[in-house]
There are 2 protein chains.
Amino acid sequence: MTTVTEYSDHIVIDRHAQDVLFRQARTANAFTSEPVTDEQVQALYDLVKWAPTSFNQQPLRVVLVRSAEARERLGTMMIDNNRAKTLAAPLTAILAADTEFHRHLPTQFPVFPQAKDVLFGDPTVREESALLNATLQIAYFIIGVRALGLAAGPMSGFDSAAVTKEFFPDGTARALVVVNLGRPADGARWDRLDRLGYEQVFTTA
Amino acid sequence: MTTVTEYSDHIVIDRHAQDVLFRQARTANAFTSEPVTDEQVQALYDLVKWAPTSFNQQPLRVVLVRSAEARERLGTMMIDNNRAKTLAAPLTAILAADTEFHRHLPTQFPVFPQAKDVLFGDPTVREESALLNATLQIAYFIIGVRALGLAAGPMSGFDSAAVTKEFFPDGTARALVVVNLGRPADGARWDRLDRLGYEQVFTTA
């Protein structure tokens, strides 16, 4: 089993925060029955919403799947390996990119209100930007789940077109990742997998 | 100027970590001359490499632009507003997605070594997955810069095709984001911009 790297004095957040967010945090595949409340999700959002995106665009849209009926519908759209754990999770969030995010730019980026049309009037440019920035926000969301002391189980294995049509019916969003969240059950984690070495990822020019 | 939201007891990392990573952290547009060392970047990577991706794929590739000559070349490929600050930053990193990431899956996801070909043999599927997961890793990288006590200045305004060709000449990666990093100079931050309300982002099904 891969061992976690040593703490470094270059990191200025304390070891507990490093452990909770990165070093000891793990994807979970099963959870206890403890509920995840709207207040917890709001606290998550009030923390991670400050992380940066291009031109302060905020394309992330989230559906919290709470009703038994909605959960059943989502279950039919997950690939086999993701179905049972999604049906059993205390809370499941569908994370999507709003391709009409530019509507909010005049209030969210008031220093250049023309950005809405000048930079993002073209639908192809806008969609590419929505996907990039919503995906950054999905990563911030996953970190936020961990900041709640909970575990996330992010999944990309589902019928994205079907989930989009069912849960974002107005046609302006695209489902990207589904995340189960809650308190991890005993034995809900696999062995820690290896990571690429620094030299495999970084080069210098 | 927008005020930062209140601390919440639902968040289990301490206030200093919340401030450093999210609440007080800010994108910087100018930096002091204090260098950013390879040891710091390695400490960053050794922290954030543990964050999750699909099938433990790790498509992120990074070029650290250190030589004056490479910096000049990169400068010519940045849009006007990003050029001067990039030329002046103590360190600039080009973050890219490796679309041949699947080569590493047999060692990085040994529980299903066939994933390399069964799931990611198709170039279109592979590229989509590379973009999604490298972008998650870019967000983790930005959080990692902040965990060093430094500020990041992420930019998507550059000639991606030219940067890709120049800095990833083997043709298997695609430049997505350029990040300046260092100790922020006084006055290097704009006013805090607003964020969408919880009700504008989250709905319940």
# chains A, B, ... in the order shown; residues from 1 in each chain; ligands from 1
$ closest_atom_pairs --of "range 72-187 of chain A" --to "range 191-199 of chain B" --cutoff "10 Å" --atoms "only C-alpha atoms" --output "CSV"
residue,atom,partner,partner_atom,distance
A:His104,CA,B:Leu196,CA,8.3
A:Thr107,CA,B:Asp194,CA,7.5
A:Gln108,CA,B:Asp194,CA,5.5
A:Phe109,CA,B:Leu193,CA,6.9
A:Pro110,CA,B:Leu193,CA,8.3
A:Val111,CA,B:Leu193,CA,9.3
$ residues_around --residues "Ala130 in chain A" --least-positions-apart "2" --cutoff "9 Å" --atoms "only C-alpha atoms" --output "list in words"
Gln57, Gln58, Pro59, Leu60, Ala97, Asp98, Thr99, Glu100, Phe101, Val125, Arg126, Glu127, Glu128, Leu132, Asn133, Ala134 and Thr135 of chain A
$ write_last_selection --atoms "all heavy atoms" --output "short mmCIF file (atom, residue, chain, number, x, y, z; two decimals), in the first residue's frame"
data_model
loop_
_atom_site.label_atom_id
_atom_site.label_comp_id
_atom_site.auth_asym_id
_atom_site.auth_seq_id
_atom_site.Cartn_x
_atom_site.Cartn_y
_atom_site.Cartn_z
N GLN A 57 -16.64 34.14 -13.37
CA GLN A 57 -17.82 33.40 -13.84
C GLN A 57 -18.03 32.23 -12.88
O GLN A 57 -17.08 31.69 -12.32
CB GLN A 57 -17.62 32.90 -15.26
CG GLN A 57 -16.56 31.87 -15.42
CD GLN A 57 -16.29 31.55 -16.89
OE1 GLN A 57 -16.80 30.62 -17.44
NE2 GLN A 57 -15.46 32.38 -17.49
N GLN A 58 -19.26 31.86 -12.69
CA GLN A 58 -19.57 30.80 -11.73
C GLN A 58 -20.59 29.86 -12.35
O GLN A 58 -21.76 29.85 -11.98
CB GLN A 58 -20.09 31.42 -10.43
CG GLN A 58 -19.05 32.33 -9.75
CD GLN A 58 -19.69 33.38 -8.86
OE1 GLN A 58 -20.33 33.04 -7.87
NE2 GLN A 58 -19.53 34.65 -9.23
N PRO A 59 -20.13 29.05 -13.31
CA PRO A 59 -21.08 28.22 -14.05
C PRO A 59 -21.59 27.00 -13.28
O PRO A 59 -22.53 26.35 -13.74
CB PRO A 59 -20.26 27.78 -15.28
CG PRO A 59 -18.85 27.85 -14.83
CD PRO A 59 -18.78 28.99 -13.87
N LEU A 60 -21.01 26.68 -12.14
CA LEU A 60 -21.44 25.48 -11.42
C LEU A 60 -22.91 25.58 -11.00
O LEU A 60 -23.32 26.58 -10.40
CB LEU A 60 -20.59 25.28 -10.16
CG LEU A 60 -20.96 24.04 -9.32
CD1 LEU A 60 -20.63 22.76 -10.06
CD2 LEU A 60 -20.25 24.07 -7.97
N ALA A 97 -22.52 22.23 -15.48
CA ALA A 97 -22.04 23.52 -15.99
C ALA A 97 -23.19 24.26 -16.65
O ALA A 97 -23.84 23.71 -17.56
CB ALA A 97 -20.93 23.29 -17.01
N ASP A 98 -23.45 25.48 -16.22
CA ASP A 98 -24.46 26.34 -16.84
C ASP A 98 -23.81 27.07 -18.00
O ASP A 98 -22.95 27.94 -17.79
CB ASP A 98 -24.99 27.33 -15.81
CG ASP A 98 -26.03 28.28 -16.39
OD1 ASP A 98 -26.43 28.11 -17.57
OD2 ASP A 98 -26.44 29.21 -15.68
N THR A 99 -24.25 26.74 -19.22
CA THR A 99 -23.64 27.38 -20.39
C THR A 99 -24.20 28.78 -20.64
O THR A 99 -23.77 29.46 -21.56
CB THR A 99 -23.83 26.50 -21.65
OG1 THR A 99 -25.21 26.16 -21.78
CG2 THR A 99 -23.01 25.22 -21.52
N GLU A 100 -25.14 29.19 -19.82
CA GLU A 100 -25.65 30.57 -19.90
C GLU A 100 -25.18 31.40 -18.69
O GLU A 100 -25.84 32.36 -18.29
CB GLU A 100 -27.18 30.55 -19.99
CG GLU A 100 -27.72 29.81 -21.21
CD GLU A 100 -27.40 30.54 -22.51
OE1 GLU A 100 -27.62 31.76 -22.59
OE2 GLU A 100 -26.91 29.87 -23.44
N PHE A 101 -24.05 30.98 -18.14
CA PHE A 101 -23.49 31.67 -16.95
C PHE A 101 -23.27 33.16 -17.19
O PHE A 101 -23.25 33.95 -16.25
CB PHE A 101 -22.15 31.04 -16.56
CG PHE A 101 -21.07 31.28 -17.56
CD1 PHE A 101 -20.30 32.43 -17.52
CD2 PHE A 101 -20.82 30.37 -18.59
CE1 PHE A 101 -19.31 32.69 -18.47
CE2 PHE A 101 -19.84 30.62 -19.55
CZ PHE A 101 -19.08 31.78 -19.49
N VAL A 125 -17.28 29.47 -27.57
CA VAL A 125 -16.36 30.00 -26.56
C VAL A 125 -16.97 29.87 -25.17
O VAL A 125 -16.31 29.47 -24.21
CB VAL A 125 -16.04 31.49 -26.86
CG1 VAL A 125 -15.28 32.13 -25.70
CG2 VAL A 125 -15.28 31.61 -28.17
N ARG A 126 -18.25 30.19 -25.09
CA ARG A 126 -18.92 30.19 -23.80
C ARG A 126 -19.00 28.78 -23.23
O ARG A 126 -18.77 28.58 -22.04
CB ARG A 126 -20.32 30.77 -23.98
CG ARG A 126 -20.97 31.16 -22.68
CD ARG A 126 -22.12 32.10 -22.96
NE ARG A 126 -23.24 31.43 -23.61
CZ ARG A 126 -23.80 31.83 -24.75
NH1 ARG A 126 -23.35 32.90 -25.38
NH2 ARG A 126 -24.82 31.18 -25.26
N GLU A 127 -19.31 27.81 -24.07
CA GLU A 127 -19.43 26.44 -23.56
C GLU A 127 -18.06 25.93 -23.08
O GLU A 127 -17.97 25.30 -22.02
CB GLU A 127 -19.97 25.51 -24.64
CG GLU A 127 -20.16 24.10 -24.07
CD GLU A 127 -20.79 23.13 -25.05
OE1 GLU A 127 -20.89 23.45 -26.25
OE2 GLU A 127 -21.17 22.03 -24.59
N GLU A 128 -17.02 26.22 -23.84
CA GLU A 128 -15.68 25.78 -23.42
C GLU A 128 -15.31 26.39 -22.08
O GLU A 128 -14.77 25.72 -21.18
CB GLU A 128 -14.66 26.16 -24.50
CG GLU A 128 -13.29 25.59 -24.23
CD GLU A 128 -12.30 25.86 -25.36
OE1 GLU A 128 -12.69 26.39 -26.42
OE2 GLU A 128 -11.10 25.55 -25.17
N LEU A 132 -14.67 24.40 -18.45
CA LEU A 132 -13.42 24.56 -17.70
C LEU A 132 -13.69 25.08 -16.29
O LEU A 132 -13.21 24.51 -15.30
CB LEU A 132 -12.49 25.54 -18.44
CG LEU A 132 -11.18 25.86 -17.73
CD1 LEU A 132 -10.17 24.71 -17.90
CD2 LEU A 132 -10.54 27.15 -18.27
N ASN A 133 -14.48 26.13 -16.20
CA ASN A 133 -14.66 26.76 -14.89
C ASN A 133 -15.59 25.98 -13.97
O ASN A 133 -15.37 25.93 -12.76
CB ASN A 133 -15.11 28.21 -15.08
CG ASN A 133 -13.97 29.09 -15.52
OD1 ASN A 133 -13.14 29.47 -14.71
ND2 ASN A 133 -13.87 29.38 -16.81
N ALA A 134 -16.61 25.34 -14.52
CA ALA A 134 -17.46 24.48 -13.68
C ALA A 134 -16.63 23.32 -13.14
O ALA A 134 -16.82 22.89 -12.00
CB ALA A 134 -18.66 23.97 -14.46
N THR A 135 -15.70 22.83 -13.94
CA THR A 135 -14.87 21.71 -13.47
C THR A 135 -13.92 22.16 -12.37
O THR A 135 -13.70 21.44 -11.38
CB THR A 135 -14.12 21.08 -14.65
OG1 THR A 135 -15.08 20.69 -15.65
CG2 THR A 135 -13.33 19.86 -14.21
#
$ select_by_dssp --residues "range 47-182 of chain B" --states "alpha helix (DSSP H)" --output "PyMOL selection string"
chain B and resi 47-48+68-77+80-88+105-108+115-118+123-147+160-167
$ closest_atom_pairs --of "chain B" --to "chain A" --cutoff "6 Å" --atoms "only C-alpha atoms" --output "JSON lines"
{"residue": "B:His10", "atom": "CA", "partner": "A:Leu148", "partner_atom": "CA", "distance": 5.8}
{"residue": "B:Ile11", "atom": "CA", "partner": "A:Leu148", "partner_atom": "CA", "distance": 4.6}
{"residue": "B:Val12", "atom": "CA", "partner": "A:Leu148", "partner_atom": "CA", "distance": 5.6}
{"residue": "B:Ile13", "atom": "CA", "partner": "A:Ala17", "partner_atom": "CA", "distance": 5.2}
{"residue": "B:Ala17", "atom": "CA", "partner": "A:Ile13", "partner_atom": "CA", "distance": 5.2}
{"residue": "B:Phe22", "atom": "CA", "partner": "A:Trp50", "partner_atom": "CA", "distance": 5.5}
{"residue": "B:Gln40", "atom": "CA", "partner": "A:His10", "partner_atom": "CA", "distance": 6.0}
{"residue": "B:Trp50", "atom": "CA", "partner": "A:Phe22", "partner_atom": "CA", "distance": 5.6}
{"residue": "B:Ala51", "atom": "CA", "partner": "A:Phe22", "partner_atom": "CA", "distance": 5.7}
{"residue": "B:Arg61", "atom": "CA", "partner": "A:Val201", "partner_atom": "CA", "distance": 4.8}
{"residue": "B:Val62", "atom": "CA", "partner": "A:Phe202", "partner_atom": "CA", "distance": 4.8}
{"residue": "B:Val63", "atom": "CA", "partner": "A:Thr203", "partner_atom": "CA", "distance": 4.9}
{"residue": "B:Leu64", "atom": "CA", "partner": "A:Thr204", "partner_atom": "CA", "distance": 4.6}
{"residue": "B:Val65", "atom": "CA", "partner": "A:Ala205", "partner_atom": "CA", "distance": 4.9}
{"residue": "B:Arg66", "atom": "CA", "partner": "A:Ala205", "partner_atom": "CA", "distance": 5.9}
{"residue": "B:Ala70", "atom": "CA", "partner": "A:Ala205", "partner_atom": "CA", "distance": 6.0}
{"residue": "B:Gln108", "atom": "CA", "partner": "A:Asp194", "partner_atom": "CA", "distance": 5.5}
{"residue": "B:Leu136", "atom": "CA", "partner": "A:Ala139", "partner_atom": "CA", "distance": 5.1}
{"residue": "B:Ala139", "atom": "CA", "partner": "A:Leu136", "partner_atom": "CA", "distance": 5.1}
{"residue": "B:Ala147", "atom": "CA", "partner": "A:Ile11", "partner_atom": "CA", "distance": 5.5}
{"residue": "B:Leu148", "atom": "CA", "partner": "A:Ile11", "partner_atom": "CA", "distance": 4.6}
{"residue": "B:Gly149", "atom": "CA", "partner": "A:Val12", "partner_atom": "CA", "distance": 5.8}
{"residue": "B:Asp194", "atom": "CA", "partner": "A:Gln108", "partner_atom": "CA", "distance": 5.5}
{"residue": "B:Val201", "atom": "CA", "partner": "A:Arg61", "partner_atom": "CA", "distance": 4.8}
{"residue": "B:Phe202", "atom": "CA", "partner": "A:Val62", "partner_atom": "CA", "distance": 4.8}
{"residue": "B:Thr203", "atom": "CA", "partner": "A:Val63", "partner_atom": "CA", "distance": 4.9}
{"residue": "B:Thr204", "atom": "CA", "partner": "A:Leu64", "partner_atom": "CA", "distance": 4.6}
{"residue": "B:Ala205", "atom": "CA", "partner": "A:Val65", "partner_atom": "CA", "distance": 4.9}
$ write_last_selection --atoms "N, CA and C atoms" --output "PDB file, in the first residue's frame"
ATOM      1  N   HIS B  10     -19.809  23.965  11.051  1.00  0.00           N
ATOM      2  CA  HIS B  10     -19.839  22.739  10.238  1.00  0.00           C
ATOM      3  C   HIS B  10     -18.488  22.459   9.568  1.00  0.00           C
ATOM      4  N   ILE B  11     -17.636  23.471   9.479  1.00  0.00           N
ATOM      5  CA  ILE B  11     -16.340  23.298   8.827  1.00  0.00           C
ATOM      6  C   ILE B  11     -15.318  22.848   9.870  1.00  0.00           C
ATOM      7  N   VAL B  12     -14.594  21.751   9.562  1.00  0.00           N
ATOM      8  CA  VAL B  12     -13.729  21.147  10.586  1.00  0.00           C
ATOM      9  C   VAL B  12     -12.258  21.556  10.465  1.00  0.00           C
ATOM     10  N   ILE B  13     -11.868  22.226   9.395  1.00  0.00           N
ATOM     11  CA  ILE B  13     -10.496  22.750   9.343  1.00  0.00           C
ATOM     12  C   ILE B  13     -10.487  24.110  10.038  1.00  0.00           C
ATOM     13  N   ALA B  17      -6.621  27.913   8.179  1.00  0.00           N
ATOM     14  CA  ALA B  17      -6.615  27.155   6.921  1.00  0.00           C
ATOM     15  C   ALA B  17      -7.734  27.645   5.996  1.00  0.00           C
ATOM     16  N   PHE B  22      -9.228  29.873   1.188  1.00  0.00           N
ATOM     17  CA  PHE B  22     -10.463  30.344   0.561  1.00  0.00           C
ATOM     18  C   PHE B  22     -10.867  31.773   0.952  1.00  0.00           C
ATOM     19  N   GLN B  40       9.566  24.192  -2.987  1.00  0.00           N
ATOM     20  CA  GLN B  40       8.190  24.606  -2.678  1.00  0.00           C
ATOM     21  C   GLN B  40       7.191  23.947  -3.632  1.00  0.00           C
ATOM     22  N   TRP B  50      -2.751  13.933  -3.823  1.00  0.00           N
ATOM     23  CA  TRP B  50      -3.646  12.937  -3.212  1.00  0.00           C
ATOM     24  C   TRP B  50      -5.109  13.198  -3.505  1.00  0.00           C
ATOM     25  N   ALA B  51      -5.443  14.336  -4.064  1.00  0.00           N
ATOM     26  CA  ALA B  51      -6.856  14.646  -4.340  1.00  0.00           C
ATOM     27  C   ALA B  51      -7.368  13.753  -5.475  1.00  0.00           C
ATOM     28  N   ARG B  61      -0.042  17.820 -16.568  1.00  0.00           N
ATOM     29  CA  ARG B  61       1.389  17.996 -16.838  1.00  0.00           C
ATOM     30  C   ARG B  61       1.714  19.468 -16.676  1.00  0.00           C
ATOM     31  N   VAL B  62       2.883  19.762 -16.127  1.00  0.00           N
ATOM     32  CA  VAL B  62       3.237  21.139 -15.774  1.00  0.00           C
ATOM     33  C   VAL B  62       4.624  21.480 -16.309  1.00  0.00           C
ATOM     34  N   VAL B  63       4.714  22.608 -16.981  1.00  0.00           N
ATOM     35  CA  VAL B  63       6.018  23.171 -17.320  1.00  0.00           C
ATOM     36  C   VAL B  63       6.248  24.397 -16.439  1.00  0.00           C
ATOM     37  N   LEU B  64       7.335  24.377 -15.694  1.00  0.00           N
ATOM     38  CA  LEU B  64       7.735  25.539 -14.894  1.00  0.00           C
ATOM     39  C   LEU B  64       8.622  26.411 -15.770  1.00  0.00           C
ATOM     40  N   VAL B  65       8.182  27.627 -16.010  1.00  0.00           N
ATOM     41  CA  VAL B  65       8.912  28.516 -16.917  1.00  0.00           C
ATOM     42  C   VAL B  65       9.899  29.324 -16.089  1.00  0.00           C
ATOM     43  N   ARG B  66      11.169  28.967 -16.209  1.00  0.00           N
ATOM     44  CA  ARG B  66      12.186  29.600 -15.360  1.00  0.00           C
ATOM     45  C   ARG B  66      13.204  30.415 -16.158  1.00  0.00           C
ATOM     46  N   ALA B  70      12.652  31.310 -22.163  1.00  0.00           N
ATOM     47  CA  ALA B  70      11.332  30.652 -22.212  1.00  0.00           C
ATOM     48  C   ALA B  70      10.230  31.621 -21.790  1.00  0.00           C
ATOM     49  N   GLN B 108      -1.078   2.955 -12.079  1.00  0.00           N
ATOM     50  CA  GLN B 108      -1.815   3.888 -11.224  1.00  0.00           C
ATOM     51  C   GLN B 108      -3.200   3.366 -10.828  1.00  0.00           C
ATOM     52  N   LEU B 136      -9.728  19.331 -12.923  1.00  0.00           N
ATOM     53  CA  LEU B 136      -9.824  19.114 -11.470  1.00  0.00           C
ATOM     54  C   LEU B 136      -8.448  19.308 -10.830  1.00  0.00           C
ATOM     55  N   ALA B 139      -7.407  22.895 -10.394  1.00  0.00           N
ATOM     56  CA  ALA B 139      -8.010  23.506  -9.199  1.00  0.00           C
ATOM     57  C   ALA B 139      -7.250  23.082  -7.947  1.00  0.00           C
ATOM     58  N   ALA B 147      -1.799  26.906  -0.215  1.00  0.00           N
ATOM     59  CA  ALA B 147      -1.317  26.156   0.955  1.00  0.00           C
ATOM     60  C   ALA B 147       0.163  26.427   1.224  1.00  0.00           C
ATOM     61  N   LEU B 148       0.887  26.909   0.210  1.00  0.00           N
ATOM     62  CA  LEU B 148       2.282  27.334   0.402  1.00  0.00           C
ATOM     63  C   LEU B 148       2.365  28.717   1.044  1.00  0.00           C
ATOM     64  N   GLY B 149       1.221  29.360   1.248  1.00  0.00           N
ATOM     65  CA  GLY B 149       1.227  30.732   1.744  1.00  0.00           C
ATOM     66  C   GLY B 149       1.478  31.745   0.638  1.00  0.00           C
ATOM     67  N   ASP B 194     -18.359  39.851  -5.963  1.00  0.00           N
ATOM     68  CA  ASP B 194     -19.520  39.162  -5.404  1.00  0.00           C
ATOM     69  C   ASP B 194     -19.532  37.686  -5.832  1.00  0.00           C
ATOM     70  N   VAL B 201     -27.455  28.719  -7.123  1.00  0.00           N
ATOM     71  CA  VAL B 201     -26.590  27.616  -7.558  1.00  0.00           C
ATOM     72  C   VAL B 201     -27.214  26.260  -7.249  1.00  0.00           C
ATOM     73  N   PHE B 202     -27.849  26.154  -6.087  1.00  0.00           N
ATOM     74  CA  PHE B 202     -28.361  24.853  -5.599  1.00  0.00           C
ATOM     75  C   PHE B 202     -29.871  24.765  -5.724  1.00  0.00           C
ATOM     76  N   THR B 203     -30.349  23.634  -6.220  1.00  0.00           N
ATOM     77  CA  THR B 203     -31.763  23.290  -6.150  1.00  0.00           C
ATOM     78  C   THR B 203     -31.876  21.878  -5.587  1.00  0.00           C
ATOM     79  N   THR B 204     -33.075  21.489  -5.182  1.00  0.00           N
ATOM     80  CA  THR B 204     -33.283  20.168  -4.581  1.00  0.00           C
ATOM     81  C   THR B 204     -34.314  19.399  -5.382  1.00  0.00           C
ATOM     82  N   ALA B 205     -33.999  18.128  -5.631  1.00  0.00           N
ATOM     83  CA  ALA B 205     -34.953  17.267  -6.350  1.00  0.00           C
ATOM     84  C   ALA B 205     -35.421  16.161  -5.410  1.00  0.00           C
TER      85      ALA B 205
END
$ select_by_dssp --residues "range 22-159 of chain B" --states "strand (DSSP E or B)" --output "list in words"
Phe31, Leu60, Arg61, Val62, Val63, Leu64, Val65, Met78, Leu91, Thr92, Ala93, Ile94, Leu95, Ala96, Ala97, Asp98, Ala151, Ala152, Gly153, Pro154, Met155 and Phe158 of chain B
$ write_last_selection --atoms "N, CA, C and O atoms" --output "PDB file, in the first residue's frame"
ATOM      1  N   PHE B  31       3.666  40.522  -7.891  1.00  0.00           N
ATOM      2  CA  PHE B  31       4.332  39.733  -6.859  1.00  0.00           C
ATOM      3  C   PHE B  31       5.610  40.435  -6.419  1.00  0.00           C
ATOM      4  O   PHE B  31       6.182  41.238  -7.158  1.00  0.00           O
ATOM      5  N   LEU B  60      -2.640  15.724 -15.499  1.00  0.00           N
ATOM      6  CA  LEU B  60      -1.984  17.031 -15.376  1.00  0.00           C
ATOM      7  C   LEU B  60      -0.492  16.938 -15.693  1.00  0.00           C
ATOM      8  O   LEU B  60       0.215  16.081 -15.163  1.00  0.00           O
ATOM      9  N   ARG B  61      -0.042  17.820 -16.568  1.00  0.00           N
ATOM     10  CA  ARG B  61       1.389  17.996 -16.838  1.00  0.00           C
ATOM     11  C   ARG B  61       1.714  19.468 -16.676  1.00  0.00           C
ATOM     12  O   ARG B  61       0.917  20.326 -17.070  1.00  0.00           O
ATOM     13  N   VAL B  62       2.883  19.762 -16.127  1.00  0.00           N
ATOM     14  CA  VAL B  62       3.237  21.139 -15.774  1.00  0.00           C
ATOM     15  C   VAL B  62       4.624  21.480 -16.309  1.00  0.00           C
ATOM     16  O   VAL B  62       5.575  20.717 -16.089  1.00  0.00           O
ATOM     17  N   VAL B  63       4.714  22.608 -16.981  1.00  0.00           N
ATOM     18  CA  VAL B  63       6.018  23.171 -17.320  1.00  0.00           C
ATOM     19  C   VAL B  63       6.248  24.397 -16.439  1.00  0.00           C
ATOM     20  O   VAL B  63       5.427  25.334 -16.444  1.00  0.00           O
ATOM     21  N   LEU B  64       7.335  24.377 -15.694  1.00  0.00           N
ATOM     22  CA  LEU B  64       7.735  25.539 -14.894  1.00  0.00           C
ATOM     23  C   LEU B  64       8.622  26.411 -15.770  1.00  0.00           C
ATOM     24  O   LEU B  64       9.685  25.968 -16.222  1.00  0.00           O
ATOM     25  N   VAL B  65       8.182  27.627 -16.010  1.00  0.00           N
ATOM     26  CA  VAL B  65       8.912  28.516 -16.917  1.00  0.00           C
ATOM     27  C   VAL B  65       9.899  29.324 -16.089  1.00  0.00           C
ATOM     28  O   VAL B  65       9.511  30.239 -15.350  1.00  0.00           O
ATOM     29  N   MET B  78       0.749  35.339 -24.647  1.00  0.00           N
ATOM     30  CA  MET B  78      -0.288  35.760 -23.705  1.00  0.00           C
ATOM     31  C   MET B  78      -1.076  36.912 -24.321  1.00  0.00           C
ATOM     32  O   MET B  78      -0.522  37.723 -25.071  1.00  0.00           O
ATOM     33  N   LEU B  91       7.586  33.123 -10.766  1.00  0.00           N
ATOM     34  CA  LEU B  91       7.485  31.805 -11.396  1.00  0.00           C
ATOM     35  C   LEU B  91       6.165  31.723 -12.135  1.00  0.00           C
ATOM     36  O   LEU B  91       5.131  32.197 -11.642  1.00  0.00           O
ATOM     37  N   THR B  92       6.216  31.126 -13.322  1.00  0.00           N
ATOM     38  CA  THR B  92       5.011  30.882 -14.105  1.00  0.00           C
ATOM     39  C   THR B  92       4.954  29.403 -14.442  1.00  0.00           C
ATOM     40  O   THR B  92       5.964  28.817 -14.852  1.00  0.00           O
ATOM     41  N   ALA B  93       3.774  28.803 -14.258  1.00  0.00           N
ATOM     42  CA  ALA B  93       3.578  27.386 -14.559  1.00  0.00           C
ATOM     43  C   ALA B  93       2.537  27.255 -15.661  1.00  0.00           C
ATOM     44  O   ALA B  93       1.487  27.896 -15.610  1.00  0.00           O
ATOM     45  N   ILE B  94       2.858  26.427 -16.656  1.00  0.00           N
ATOM     46  CA  ILE B  94       1.889  26.120 -17.704  1.00  0.00           C
ATOM     47  C   ILE B  94       1.280  24.764 -17.370  1.00  0.00           C
ATOM     48  O   ILE B  94       2.001  23.766 -17.253  1.00  0.00           O
ATOM     49  N   LEU B  95      -0.042  24.735 -17.212  1.00  0.00           N
ATOM     50  CA  LEU B  95      -0.734  23.514 -16.798  1.00  0.00           C
ATOM     51  C   LEU B  95      -1.482  22.938 -18.001  1.00  0.00           C
ATOM     52  O   LEU B  95      -2.256  23.643 -18.654  1.00  0.00           O
ATOM     53  N   ALA B  96      -1.252  21.661 -18.246  1.00  0.00           N
ATOM     54  CA  ALA B  96      -1.762  21.029 -19.460  1.00  0.00           C
ATOM     55  C   ALA B  96      -2.364  19.671 -19.147  1.00  0.00           C
ATOM     56  O   ALA B  96      -2.105  19.078 -18.094  1.00  0.00           O
ATOM     57  N   ALA B  97      -3.177  19.181 -20.093  1.00  0.00           N
ATOM     58  CA  ALA B  97      -3.761  17.842 -19.998  1.00  0.00           C
ATOM     59  C   ALA B  97      -3.018  16.906 -20.936  1.00  0.00           C
ATOM     60  O   ALA B  97      -2.904  17.187 -22.135  1.00  0.00           O
ATOM     61  N   ASP B  98      -2.530  15.801 -20.401  1.00  0.00           N
ATOM     62  CA  ASP B  98      -1.875  14.768 -21.203  1.00  0.00           C
ATOM     63  C   ASP B  98      -2.951  13.816 -21.718  1.00  0.00           C
ATOM     64  O   ASP B  98      -3.553  13.071 -20.939  1.00  0.00           O
ATOM     65  N   ALA B 151       0.358  33.362  -3.417  1.00  0.00           N
ATOM     66  CA  ALA B 151      -0.838  33.685  -4.198  1.00  0.00           C
ATOM     67  C   ALA B 151      -0.656  33.172  -5.616  1.00  0.00           C
ATOM     68  O   ALA B 151       0.450  33.160  -6.157  1.00  0.00           O
ATOM     69  N   ALA B 152      -1.767  32.757  -6.208  1.00  0.00           N
ATOM     70  CA  ALA B 152      -1.789  32.318  -7.600  1.00  0.00           C
ATOM     71  C   ALA B 152      -2.462  33.373  -8.456  1.00  0.00           C
ATOM     72  O   ALA B 152      -3.337  34.090  -7.983  1.00  0.00           O
ATOM     73  N   GLY B 153      -2.041  33.450  -9.692  1.00  0.00           N
ATOM     74  CA  GLY B 153      -2.709  34.294 -10.673  1.00  0.00           C
ATOM     75  C   GLY B 153      -3.010  33.442 -11.892  1.00  0.00           C
ATOM     76  O   GLY B 153      -2.252  33.441 -12.852  1.00  0.00           O
ATOM     77  N   PRO B 154      -4.111  32.677 -11.847  1.00  0.00           N
ATOM     78  CA  PRO B 154      -4.434  31.776 -12.967  1.00  0.00           C
ATOM     79  C   PRO B 154      -4.995  32.561 -14.153  1.00  0.00           C
ATOM     80  O   PRO B 154      -5.741  33.515 -13.956  1.00  0.00           O
ATOM     81  N   MET B 155      -4.632  32.140 -15.355  1.00  0.00           N
ATOM     82  CA  MET B 155      -5.053  32.842 -16.569  1.00  0.00           C
ATOM     83  C   MET B 155      -5.443  31.852 -17.650  1.00  0.00           C
ATOM     84  O   MET B 155      -4.732  30.873 -17.888  1.00  0.00           O
ATOM     85  N   PHE B 158      -4.655  33.190 -23.289  1.00  0.00           N
ATOM     86  CA  PHE B 158      -3.394  33.019 -24.026  1.00  0.00           C
ATOM     87  C   PHE B 158      -3.693  32.168 -25.248  1.00  0.00           C
ATOM     88  O   PHE B 158      -4.771  31.570 -25.364  1.00  0.00           O
TER      89      PHE B 158
END
